[in-house]
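What's in coords.cif: mmCIF, C-alpha atoms
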data_my_file
loop_
_atom_site.label_atom_id
_atom_site.label_comp_id
_atom_site.auth_asym_id
_atom_site.auth_seq_id
_atom_site.Cartn_x
_atom_site.Cartn_y
_atom_site.Cartn_z
CA MET A 1 -36.31 34.86 85.53
CA ARG A 2 -38.26 31.95 84.04
CA ILE A 3 -41.17 32.28 81.63
CA VAL A 4 -43.39 29.40 80.54
CA VAL A 5 -45.12 29.61 77.16
CA VAL A 6 -48.15 27.37 76.70
CA GLY A 7 -48.90 26.42 73.11
CA ALA A 8 -46.36 25.75 70.35
CA GLY A 9 -48.30 27.02 67.36
CA ILE A 10 -46.73 29.87 65.47
CA VAL A 11 -47.62 32.46 68.15
CA GLY A 12 -46.22 30.46 71.05
CA ALA A 13 -43.16 29.36 69.10
CA ALA A 14 -42.41 32.97 68.14
CA ALA A 15 -42.84 34.11 71.75
CA ALA A 16 -40.49 31.38 72.95
CA TYR A 17 -37.92 32.36 70.33
CA GLU A 18 -38.03 36.02 71.31
CA LEU A 19 -37.68 35.18 74.99
CA ALA A 20 -34.86 32.68 74.52
CA ARG A 21 -32.94 35.14 72.32
CA ALA A 22 -33.30 37.69 75.12
CA GLY A 23 -31.47 35.31 77.45
CA VAL A 24 -34.49 34.39 79.55
CA GLU A 25 -34.93 30.85 80.85
CA THR A 26 -37.85 29.72 78.71
CA VAL A 27 -39.99 26.60 78.76
CA LEU A 28 -42.41 25.82 75.91
CA VAL A 29 -45.28 23.48 76.80
CA ASP A 30 -47.32 21.91 74.03
CA ALA A 31 -50.13 19.36 73.94
CA ALA A 32 -49.79 18.78 70.15
CA HIS A 33 -53.55 18.94 69.63
CA GLU A 34 -54.91 17.55 66.39
CA GLY A 35 -56.19 20.38 64.21
CA ARG A 36 -53.79 23.06 65.38
CA ALA A 37 -54.32 26.04 63.08
CA THR A 38 -50.62 26.56 62.36
CA SER A 39 -50.28 23.06 60.93
CA ALA A 40 -53.31 23.37 58.65
CA GLY A 41 -53.20 27.03 57.62
CA ALA A 42 -52.55 28.03 54.02
CA GLY A 43 -50.01 30.74 54.79
CA ILE A 44 -50.92 33.88 52.84
CA ILE A 45 -49.15 37.08 53.86
CA CYS A 46 -51.11 39.84 52.14
CA PRO A 47 -52.93 42.08 54.65
CA TRP A 48 -53.53 44.90 52.19
CA SER A 49 -56.47 43.54 50.22
CA GLY A 50 -59.16 42.75 52.79
CA ARG A 51 -62.34 44.70 53.25
CA VAL A 52 -61.40 45.63 56.82
CA ALA A 53 -58.08 47.20 57.83
CA GLU A 54 -56.10 45.00 60.23
CA PRO A 55 -53.26 46.91 61.92
CA LEU A 56 -51.87 43.84 63.68
CA ALA A 57 -51.72 41.91 60.41
CA VAL A 58 -49.99 44.80 58.66
CA ALA A 59 -47.45 44.99 61.48
CA GLY A 60 -47.06 41.23 61.22
CA ALA A 61 -46.22 41.39 57.53
CA GLY A 62 -43.68 44.12 58.24
CA TYR A 63 -42.05 42.01 60.96
CA TYR A 64 -41.09 39.16 58.64
CA PRO A 65 -37.89 40.65 57.12
CA ASP A 66 -36.30 41.09 60.56
CA LEU A 67 -37.51 37.67 61.70
CA LEU A 68 -36.12 35.94 58.61
CA LYS A 69 -32.77 37.63 59.13
CA ALA A 70 -32.64 36.58 62.79
CA LEU A 71 -33.57 32.99 61.96
CA ALA A 72 -30.89 32.83 59.27
CA GLU A 73 -28.33 33.97 61.84
CA ASP A 74 -29.48 31.08 64.01
CA GLY A 75 -28.99 28.58 61.22
CA GLN A 76 -32.59 28.44 60.00
CA ASP A 77 -32.63 29.34 56.31
CA ASP A 78 -35.31 26.94 55.09
CA VAL A 79 -38.40 28.33 56.82
CA GLY A 80 -41.00 27.98 54.07
CA HIS A 81 -41.31 31.68 53.29
CA ARG A 82 -41.21 33.12 49.77
CA ARG A 83 -42.25 36.47 48.35
CA VAL A 84 -44.29 35.54 45.27
CA GLY A 85 -46.75 38.42 44.95
CA ALA A 86 -50.53 38.20 44.81
CA LEU A 87 -53.24 38.62 42.21
CA VAL A 88 -56.34 40.35 43.55
CA LEU A 89 -59.12 39.54 41.12
CA LEU A 90 -61.39 42.48 40.35
CA PRO A 91 -65.19 42.09 40.19
CA ALA A 92 -66.88 42.50 36.82
CA ASP A 93 -68.98 45.36 38.15
CA GLY A 94 -67.02 48.48 37.23
CA THR A 95 -68.07 50.51 40.26
CA GLU A 96 -67.15 47.76 42.69
CA ALA A 97 -63.89 47.11 40.85
CA ALA A 98 -62.97 50.78 41.23
CA ARG A 99 -63.63 50.56 44.98
CA VAL A 100 -61.39 47.53 45.32
CA ARG A 101 -58.66 49.15 43.26
CA GLU A 102 -58.81 52.34 45.33
CA ARG A 103 -58.83 50.48 48.66
CA VAL A 104 -55.94 48.17 47.84
CA SER A 105 -53.86 50.94 46.28
CA ALA A 106 -54.34 53.23 49.29
CA ARG A 107 -53.36 50.56 51.79
CA ALA A 108 -50.37 49.47 49.77
CA ALA A 109 -49.19 53.06 49.38
CA ALA A 110 -49.17 53.41 53.18
CA ASP A 111 -46.93 50.37 53.70
CA PRO A 112 -43.65 49.83 51.83
CA HIS A 113 -43.81 46.10 52.57
CA ALA A 114 -46.73 45.79 50.14
CA GLY A 115 -44.42 46.47 47.23
CA GLU A 116 -45.74 47.79 43.95
CA VAL A 117 -49.37 47.63 42.86
CA SER A 118 -49.98 47.20 39.15
CA VAL A 119 -52.92 46.33 36.92
CA VAL A 120 -52.47 43.17 34.84
CA GLY A 121 -54.70 41.88 32.08
CA ALA A 122 -56.04 38.36 31.65
CA VAL A 123 -53.12 37.29 29.45
CA ASP A 124 -50.53 38.23 32.07
CA ALA A 125 -52.62 36.82 34.90
CA HIS A 126 -52.82 33.49 33.09
CA ARG A 127 -49.08 33.57 32.46
CA MET A 128 -48.43 34.12 36.18
CA PHE A 129 -50.92 31.46 37.32
CA PRO A 130 -51.51 29.13 34.34
CA ALA A 131 -54.39 27.26 35.99
CA LEU A 132 -56.53 30.38 35.60
CA ALA A 133 -58.79 30.38 32.58
CA PRO A 134 -56.95 31.64 29.47
CA ALA A 135 -57.69 35.07 28.09
CA ARG A 136 -60.75 35.35 25.88
CA THR A 137 -60.02 35.64 22.19
CA HIS A 138 -62.19 37.29 19.58
CA GLY A 139 -65.44 35.39 19.16
CA ASP A 140 -65.42 33.65 22.55
CA GLU A 141 -68.56 33.82 24.61
CA PRO A 142 -68.24 36.29 27.54
CA GLU A 143 -69.03 33.61 30.11
CA ASP A 144 -65.87 31.72 29.18
CA HIS A 145 -63.52 34.63 29.59
CA ALA A 146 -60.40 35.37 31.50
CA LEU A 147 -60.24 35.06 35.25
CA GLY A 148 -63.41 33.10 35.89
CA ALA A 149 -64.75 30.18 33.91
CA GLY A 150 -66.52 26.90 34.48
CA ARG A 151 -69.98 25.75 35.39
CA HIS A 152 -70.10 27.78 38.60
CA ARG A 153 -68.16 30.75 37.27
CA HIS A 154 -67.70 33.91 39.29
CA ALA A 155 -68.06 37.24 37.49
CA PHE A 156 -64.58 38.76 37.36
CA ALA A 157 -63.20 41.52 35.23
CA GLU A 158 -60.54 40.98 32.57
CA GLU A 159 -58.06 42.72 34.87
CA ALA A 160 -56.50 41.99 38.25
CA LEU A 161 -54.31 43.87 40.68
CA HIS A 162 -50.83 42.52 41.32
CA LEU A 163 -49.19 43.22 44.71
CA SER A 164 -45.51 42.43 44.48
CA GLY A 165 -44.92 42.36 48.25
CA ALA A 166 -47.27 39.50 49.09
CA ALA A 167 -45.74 36.24 50.27
CA ARG A 168 -46.61 32.67 51.11
CA LEU A 169 -45.59 30.68 54.15
CA ASP A 170 -45.45 27.03 55.16
CA GLY A 171 -46.64 27.29 58.76
CA ARG A 172 -45.27 23.91 59.78
CA ARG A 173 -41.78 24.72 58.59
CA MET A 174 -41.80 28.17 60.15
CA ARG A 175 -42.98 26.82 63.49
CA SER A 176 -40.27 24.13 63.45
CA ALA A 177 -37.63 26.73 62.55
CA LEU A 178 -38.67 28.99 65.42
CA VAL A 179 -38.49 26.16 67.94
CA ALA A 180 -35.15 24.89 66.64
CA ALA A 181 -33.66 28.39 66.72
CA ALA A 182 -35.00 28.95 70.25
CA GLU A 183 -33.50 25.64 71.39
CA ARG A 184 -30.15 26.94 70.20
CA HIS A 185 -30.61 29.69 72.80
CA GLY A 186 -31.54 27.26 75.57
CA LEU A 187 -35.27 26.72 75.13
CA ARG A 188 -36.68 23.66 76.88
CA VAL A 189 -39.69 21.96 75.28
CA VAL A 190 -42.12 19.92 77.40
CA GLY A 191 -44.94 17.82 75.97
CA GLY A 192 -48.28 17.57 77.72
CA THR A 193 -51.41 19.46 78.70
CA ALA A 194 -50.80 22.47 80.94
CA ALA A 195 -52.96 23.81 83.76
CA VAL A 196 -52.31 27.21 85.31
CA GLU A 197 -50.78 26.88 88.77
CA VAL A 198 -52.15 29.47 91.20
CA ARG A 199 -51.01 30.19 94.74
CA GLY A 200 -52.23 33.09 96.82
CA ALA A 201 -54.46 34.23 93.94
CA ARG A 202 -51.40 34.67 91.75
CA VAL A 203 -50.09 32.70 88.80
CA ARG A 204 -46.95 30.83 89.79
CA GLY A 205 -46.45 28.62 86.77
CA VAL A 206 -48.16 25.66 85.17
CA ARG A 207 -48.78 22.05 86.07
CA VAL A 208 -48.07 19.46 83.36
CA ASP A 209 -49.04 15.86 84.05
CA GLY A 210 -48.63 16.36 87.78
CA ASP A 211 -45.32 18.22 87.61
CA VAL A 212 -45.20 21.94 88.43
CA LEU A 213 -43.14 24.24 86.27
CA GLU A 214 -42.52 27.37 88.33
CA ALA A 215 -42.55 30.64 86.41
CA ASP A 216 -42.50 34.37 86.96
CA THR A 217 -44.82 34.80 84.00
CA VAL A 218 -46.95 32.53 81.84
CA VAL A 219 -47.67 33.28 78.19
CA ALA A 220 -50.96 31.65 77.16
CA ALA A 221 -50.88 30.97 73.42
CA ALA A 222 -52.93 27.79 73.27
CA GLY A 223 -55.15 28.79 70.34
CA ALA A 224 -58.68 27.46 70.31
CA TRP A 225 -57.90 25.38 73.39
CA SER A 226 -57.19 28.44 75.57
CA PRO A 227 -60.51 28.59 77.47
CA ALA A 228 -59.74 25.29 79.19
CA LEU A 229 -56.39 26.74 80.27
CA LEU A 230 -57.56 30.15 81.44
CA GLU A 231 -61.06 29.75 82.86
CA PRO A 232 -59.96 27.82 85.98
CA PHE A 233 -57.86 30.89 86.78
CA GLY A 234 -60.96 33.07 86.37
CA VAL A 235 -59.91 34.68 83.08
CA ARG A 236 -62.71 34.49 80.51
CA VAL A 237 -61.40 34.72 76.98
CA PRO A 238 -64.24 33.56 74.70
CA VAL A 239 -62.10 32.03 71.98
CA VAL A 240 -63.91 29.35 69.99
CA PRO A 241 -62.77 27.03 67.19
CA GLN A 242 -63.75 27.87 63.64
CA ARG A 243 -63.19 24.85 61.41
CA GLY A 244 -61.35 25.35 58.15
CA GLN A 245 -61.06 22.65 55.50
CA ILE A 246 -58.18 23.27 53.09
CA VAL A 247 -57.53 21.14 50.01
CA HIS A 248 -54.06 20.33 48.66
CA LEU A 249 -53.84 19.41 44.97
CA GLY A 250 -50.92 18.16 42.91
CA LEU A 251 -50.05 19.25 39.36
CA SER A 252 -47.49 16.58 38.51
CA GLY A 253 -44.62 17.84 36.38
CA THR A 254 -45.62 21.50 36.77
CA ASP A 255 -43.25 24.05 38.28
CA THR A 256 -45.47 25.97 40.70
CA ALA A 257 -42.69 27.41 42.84
CA HIS A 258 -43.20 31.02 41.82
CA TRP A 259 -46.93 31.20 41.07
CA PRO A 260 -48.55 34.13 42.91
CA VAL A 261 -51.26 33.90 45.53
CA VAL A 262 -54.72 34.36 43.98
CA LEU A 263 -57.35 36.26 45.99
CA PRO A 264 -60.80 36.26 44.34
CA GLY A 265 -62.38 38.43 47.03
CA THR A 266 -64.88 35.71 47.94
CA GLY A 267 -63.17 34.64 51.16
CA HIS A 268 -61.47 31.79 49.29
CA TYR A 269 -57.95 31.66 47.87
CA LEU A 270 -55.37 29.74 45.85
CA LEU A 271 -51.62 29.50 46.40
CA THR A 272 -48.82 27.15 45.48
CA PHE A 273 -45.66 25.61 46.90
CA ASP A 274 -42.45 24.27 45.39
CA ASP A 275 -43.48 20.61 45.04
CA SER A 276 -46.10 21.12 42.28
CA ARG A 277 -48.64 21.65 45.06
CA VAL A 278 -51.64 23.95 44.84
CA VAL A 279 -53.50 24.81 48.04
CA VAL A 280 -57.12 25.95 47.79
CA GLY A 281 -59.47 26.95 50.55
CA ALA A 282 -61.09 27.38 52.77
CA THR A 283 -64.28 26.81 54.66
CA ARG A 284 -65.17 29.00 57.62
CA GLU A 285 -67.39 26.83 59.78
CA SER A 286 -68.63 28.00 63.16
CA GLY A 287 -70.29 25.84 65.77
CA THR A 288 -68.43 22.66 64.82
CA GLY A 289 -66.44 22.31 68.01
CA PHE A 290 -63.34 20.20 67.57
CA ASP A 291 -64.82 17.99 64.86
CA HIS A 292 -61.85 16.90 62.76
CA ARG A 293 -63.79 15.36 59.89
CA VAL A 294 -63.44 16.28 56.25
CA THR A 295 -67.05 16.70 55.15
CA ALA A 296 -68.62 16.27 51.73
CA ALA A 297 -70.06 19.77 51.91
CA GLY A 298 -66.75 21.31 52.91
CA LEU A 299 -64.79 19.52 50.23
CA GLY A 300 -67.42 20.40 47.63
CA GLU A 301 -67.42 24.08 48.59
CA VAL A 302 -63.66 24.45 48.37
CA LEU A 303 -63.29 22.62 45.06
CA GLU A 304 -66.24 24.41 43.47
CA GLN A 305 -64.86 27.81 44.42
CA ALA A 306 -61.40 26.86 43.15
CA MET A 307 -62.63 25.54 39.81
CA ALA A 308 -64.73 28.65 39.28
CA VAL A 309 -61.52 30.68 39.32
CA ALA A 310 -58.97 28.20 38.02
CA PRO A 311 -60.52 25.54 35.76
CA GLY A 312 -57.01 24.38 34.89
CA LEU A 313 -56.99 22.59 38.25
CA ALA A 314 -59.50 20.05 36.96
CA ARG A 315 -56.66 17.70 36.02
CA ALA A 316 -54.94 18.01 39.40
CA THR A 317 -54.61 15.10 41.83
CA HIS A 318 -56.18 15.37 45.27
CA LEU A 319 -53.28 14.98 47.72
CA GLU A 320 -54.88 15.69 51.09
CA THR A 321 -57.39 17.84 52.90
CA ARG A 322 -56.22 19.48 56.10
CA VAL A 323 -58.59 20.49 58.87
CA GLY A 324 -57.63 23.24 61.30
CA PHE A 325 -59.39 25.13 64.06
CA ARG A 326 -58.90 28.88 63.85
CA PRO A 327 -59.17 30.59 67.25
CA THR A 328 -61.83 33.29 66.84
CA THR A 329 -63.42 35.81 69.18
CA PRO A 330 -66.95 37.32 69.25
CA ASP A 331 -65.76 40.66 67.84
CA GLY A 332 -63.31 39.14 65.38
CA GLN A 333 -60.34 40.87 66.99
CA PRO A 334 -57.33 39.14 68.56
CA VAL A 335 -56.69 39.00 72.29
CA LEU A 336 -53.19 40.21 73.06
CA GLY A 337 -52.17 41.74 76.37
CA THR A 338 -51.50 41.26 80.03
CA VAL A 339 -53.43 40.23 83.08
CA SER A 340 -51.26 41.99 85.64
CA GLY A 341 -50.50 41.12 89.22
CA GLY A 342 -49.13 43.40 91.90
CA SER A 343 -45.42 42.97 91.18
CA GLY A 344 -45.17 45.28 88.20
CA ILE A 345 -44.36 42.29 86.00
CA PRO A 346 -47.39 40.67 84.43
CA GLU A 347 -48.17 37.21 85.74
CA LEU A 348 -50.12 36.24 82.65
CA VAL A 349 -49.88 37.31 79.03
CA VAL A 350 -52.56 36.18 76.60
CA ALA A 351 -51.85 35.94 72.86
CA ASN A 352 -54.71 34.43 70.91
CA GLY A 353 -57.73 34.88 68.66
CA LEU A 354 -55.93 35.64 65.38
CA GLY A 355 -58.54 33.77 63.36
CA SER A 356 -57.61 33.33 59.71
CA GLY A 357 -54.68 35.76 60.04
CA GLY A 358 -52.54 33.58 62.29
CA LEU A 359 -49.70 32.99 59.87
CA THR A 360 -49.62 36.67 58.90
CA ALA A 361 -49.69 38.21 62.37
CA GLY A 362 -48.61 35.23 64.49
CA PRO A 363 -44.84 35.76 64.68
CA PHE A 364 -45.26 39.44 65.48
CA ALA A 365 -48.00 38.72 68.04
CA GLY A 366 -45.66 36.22 69.68
CA ALA A 367 -42.88 38.79 69.80
CA VAL A 368 -45.28 41.33 71.35
CA ALA A 369 -46.33 38.77 73.96
CA ALA A 370 -42.68 38.14 74.82
CA ARG A 371 -42.00 41.86 75.23
CA LEU A 372 -45.03 42.23 77.49
CA ALA A 373 -43.87 39.26 79.56
CA LEU A 374 -40.54 41.03 80.04
CA GLY A 375 -42.21 44.30 81.01
CA ARG A 376 -40.99 46.02 77.84
CA GLU A 377 -42.71 48.25 75.32
CA PRO A 378 -44.69 46.00 72.97
CA GLY A 379 -44.12 48.03 69.81
CA ILE A 380 -47.85 48.37 69.08
CA ASP A 381 -50.95 49.69 70.83
CA THR A 382 -52.45 46.60 72.46
CA GLY A 383 -55.46 48.48 73.85
CA PRO A 384 -57.91 47.24 71.19
CA TYR A 385 -56.84 43.67 71.94
CA ASP A 386 -57.27 43.75 75.74
CA PRO A 387 -57.83 40.15 76.95
CA LEU A 388 -60.24 41.42 79.62
CA ARG A 389 -62.53 43.35 77.30
CA PHE A 390 -65.10 40.55 77.44
CA ALA A 391 -65.20 40.50 81.27
CA SER A 392 -68.36 42.61 81.49
CA SER A 393 -70.29 39.92 79.61
CA ALA A 394 -68.99 37.07 81.74
#

Would you write out, as structure tokens, the structure that this file holds?
Amino acid sequence: MRIVVVGAGIVGAAAAYELARAGVETVLVDAAHEGRATSAGAGIICPWSGRVAEPLAVAGAGYYPDLLKALAEDGQDDVGHRRVGALVLLPADGTEAARVRERVSARAAADPHAGEVSVVGAVDAHRMFPALAPARTHGDEPEDHALGAGRHRHAFAEEALHLSGAARLDGRRMRSALVAAAERHGLRVVGGTAAVEVRGARVRGVRVDGDVLEADTVVAAAGAWSPALLEPFGVRVPVVPQRGQIVHLGLSGTDTAHWPVVLPGTGHYLLTFDDSRVVVGATRESGTGFDHRVTAAGLGEVLEQAMAVAPGLARATHLETRVGFRPTTPDGQPVLGTVSGGSGIPELVVANGLGSGGLTAGPFAGAVAARLALGREPGIDTGPYDPLRFASSA
């Protein structure tokens, strides 16, 4: 049996790894598009704080311990993952803060991977993430207090929730680790743009730069570029690119290795990595197409939101701004499932549309896609993510 996976972002790389480990002849085809979401994404693994419950993301967070163990067994220890916890900033409005506290606590209680939830004051929050505004002392004006200060300050309470189970991830390193581990099990990687090869109204593989790669099943994990791959085969998956601009800042001489993720609840975020790097983001821009530019408005939005929460970043050095294209769907839900032929084994498996949750759910979604390609139980109900659910509006 041979399976071809199209797209070497984190979803496709994870699918290829799962398949290769299962002993299947696996080929991974990748066009290395500029703006691939995996390469730009911030890498926050904390699916317990959002306004909307996301079962796939929760399952994705729970999948990481097993994945990390498997990768270590395959010689991949340095994968860019670290459990650092997260600070969920509470709104100043007491009623709304109570709602957030109740929601986060309930979700965390239902999932052991969330770790412990505790309330921390401004002093402890500043100790954990020193770029946050310091705690207000007696006599300070209220507008200068605690977890939100600066000219465009957000109104936050003097308390935050700390989730010990949250983690951060370097998507580039994880993707590279997955591919390297899969190659140890025989994975073949082919560069180029793939087109679905159809004979007798059935998928038979892909064509890459004129060469046909025969396959029993194709896994389509090409992110925001999937429509060009699937529509010639007659499969309409309305995935579109949502541009995200993410700013990387440097705090020279500062040990940021263990700073927690900061989630202000505004759709923006802050997190750090080992090399004195602070990542802040991100814009959510629809209708941009594949426009790779860093814009003045995007850069201004991200920095303004970051400074409103963490004025200590004012002295940081701008290192780079990454631009990525999140694959999003009209209903905001992923597409993950099969387009079956008559053989009992699916000809085509689609794994896409993870939006801003790609680095949280991506490895698990890739593993699910691999199981579906093998005709096995996926380990999750994929009904809500049916790739053909948009067919009626085609």

### Query
Once the PyMOL selection byres ((chain A and resi 2-9) around 8) has been applied to the shown file, what residues remain in the selection, as a PyMOL selection string?
chain A and resi 1+10-13+15-16+24-32+36-39+175+194+205-206+213-223+373

### Query
What residues come out when you apply the PyMOL selection byres ((chain A and resi 81) around 12) to this file, written as a PyMOL selection string?
chain A and resi 42-45+61+64-65+67-69+71+76-80+82-84+166-175+177+257-258+272-274+359-360

### Query
Using all atoms listed in the file, which of the listed residues (A:Leu249, A:Leu270, A:Cys46, A:Ala97) sits closest to Ala308 of chain A?
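The shortest atom-to-atom distance to Ala308 of chain A comes from A:Leu270.
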
### Task
Identify the residues within 10 Å of coordinate (-53.7, 45.1, 64.1) (same frame as the file), considering all atoms listed in the file, and give the answer as a PyMOL selection string.
chain A and resi 47+53-60+333-334+354+361+365+380-382+384-385

Those residues with C-alpha atoms, as a compact mmCIF listing (two decimals), in the coordinates of the input please?
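As written to disk, selection18.txt reads:
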# COMPACT_ATOMS: atom_id res chain seq x y z
CA PRO A 47 -52.93 42.08 54.65
CA ALA A 53 -58.08 47.20 57.83
CA GLU A 54 -56.10 45.00 60.23
CA PRO A 55 -53.26 46.91 61.92
CA LEU A 56 -51.87 43.84 63.68
CA ALA A 57 -51.72 41.91 60.41
CA VAL A 58 -49.99 44.80 58.66
CA ALA A 59 -47.45 44.99 61.48
CA GLY A 60 -47.06 41.23 61.22
CA GLN A 333 -60.34 40.87 66.99
CA PRO A 334 -57.33 39.14 68.56
CA LEU A 354 -55.93 35.64 65.38
CA ALA A 361 -49.69 38.21 62.37
CA ALA A 365 -48.00 38.72 68.04
CA ILE A 380 -47.85 48.37 69.08
CA ASP A 381 -50.95 49.69 70.83
CA THR A 382 -52.45 46.60 72.46
CA PRO A 384 -57.91 47.24 71.19
CA TYR A 385 -56.84 43.67 71.94

### Task
Go through A:Ala20, A:Val240, A:Ala14, A:Val52 and flag the residue nearest Gly287 of chain A, using all atoms listed in the file for the distances.
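Using all atoms listed in the file, Gly287 of chain A sits closest to A:Val240.
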
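Separating atom CA of Val350 of chain A from atom CA of Val323 of chain A is a distance of 24.4 Å.
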
### Which residue of A:His318, A:Arg293, A:Arg188, A:Arg236 approaches Ser276 of chain A most closely, using only C-alpha atoms
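Nearest candidate to Ser276 of chain A out of A:His318, A:Arg293, A:Arg188, A:Arg236: A:His318.
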
### Task
Convert the output of the PyMOL selection byres ((chain A and resi 132) around 10) on the shown file into explicit residues, formatted as a PyMOL selection string.
chain A and resi 122-123+125-131+133-135+146-149+262+306-313

### Task
Rank nothing, just name the residue among A:Leu87, A:Leu178, A:Ala224, A:Ala282 nearest to Gly366 of chain A, using only C-alpha atoms.
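Between A:Leu87, A:Leu178, A:Ala224, A:Ala282, the residue approaching Gly366 of chain A most closely is A:Leu178.
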
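Taking atom CA of Ser164 of chain A and atom CA of Val100 of chain A as endpoints, the distance between them is 16.7 Å.
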
#### Entry: For Ala40 of chain A, the nearest of the candidates A:Val120, A:Leu163, A:Val280, A:Ala351, counting only C-alpha atoms
A:Val280

### Query
So what do you get for atom CA of Val104 of chain A versus atom CA of Glu158 of chain A, distance-wise?
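Answer for the atom CA of Val104 of chain A to atom CA of Glu158 of chain A separation: 17.5 Å.
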
### Message
Need the shell around Val247 of chain A: protein/DNA/RNA residues with any atom at most 8 Å away, counting all atoms listed in the file. Skip same-chain ones fewer than 5 positions apart. Format as a list in words?
### Response
Val279, Val280, Gly281, Ala282, Leu299, Val302, Leu303, His318, Leu319, Glu320, Thr321 and Arg322 of chain A

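Using only C-alpha atoms, the protein and nucleic acid residues lying at most 9 Å from the point (-33.9, 25.8, 65.8) are Tyr17, Leu71, Asp74, Gly75, Gln76, Ser176, Ala177, Leu178, Val179, Ala180, Ala181, Ala182, Glu183, Arg184 and His185 of chain A.
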
When you look at Pro330 of chain A with a cut-off of 12 Å (counting all atoms listed in the file), what residues show up, excluding the ones that are within fewer than 4 positions of it in the same chain? I need them as a PDB file with C-alpha atoms, keeping the file's coordinate frame.
ATOM      1  CA  VAL A 237     -61.400  34.720  76.980  1.00  0.00           C
ATOM      2  CA  PRO A 238     -64.240  33.560  74.700  1.00  0.00           C
ATOM      3  CA  VAL A 239     -62.100  32.030  71.980  1.00  0.00           C
ATOM      4  CA  VAL A 240     -63.910  29.350  69.990  1.00  0.00           C
ATOM      5  CA  PRO A 241     -62.770  27.030  67.190  1.00  0.00           C
ATOM      6  CA  GLN A 242     -63.750  27.870  63.640  1.00  0.00           C
ATOM      7  CA  SER A 286     -68.630  28.000  63.160  1.00  0.00           C
ATOM      8  CA  PRO A 334     -57.330  39.140  68.560  1.00  0.00           C
ATOM      9  CA  VAL A 335     -56.690  39.000  72.290  1.00  0.00           C
ATOM     10  CA  GLY A 353     -57.730  34.880  68.660  1.00  0.00           C
ATOM     11  CA  LEU A 354     -55.930  35.640  65.380  1.00  0.00           C
ATOM     12  CA  GLY A 355     -58.540  33.770  63.360  1.00  0.00           C
ATOM     13  CA  ARG A 389     -62.530  43.350  77.300  1.00  0.00           C
ATOM     14  CA  PHE A 390     -65.100  40.550  77.440  1.00  0.00           C
ATOM     15  CA  SER A 393     -70.290  39.920  79.610  1.00  0.00           C
TER      16      SER A 393
END

### Message
Using all atoms listed in the file, can you tell me which of A:Val261, A:Leu271, A:Leu348, A:Leu89 comes closest to Gly234 of chain A?
### Response
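Closest residue, counting all atoms listed in the file: A:Leu348.
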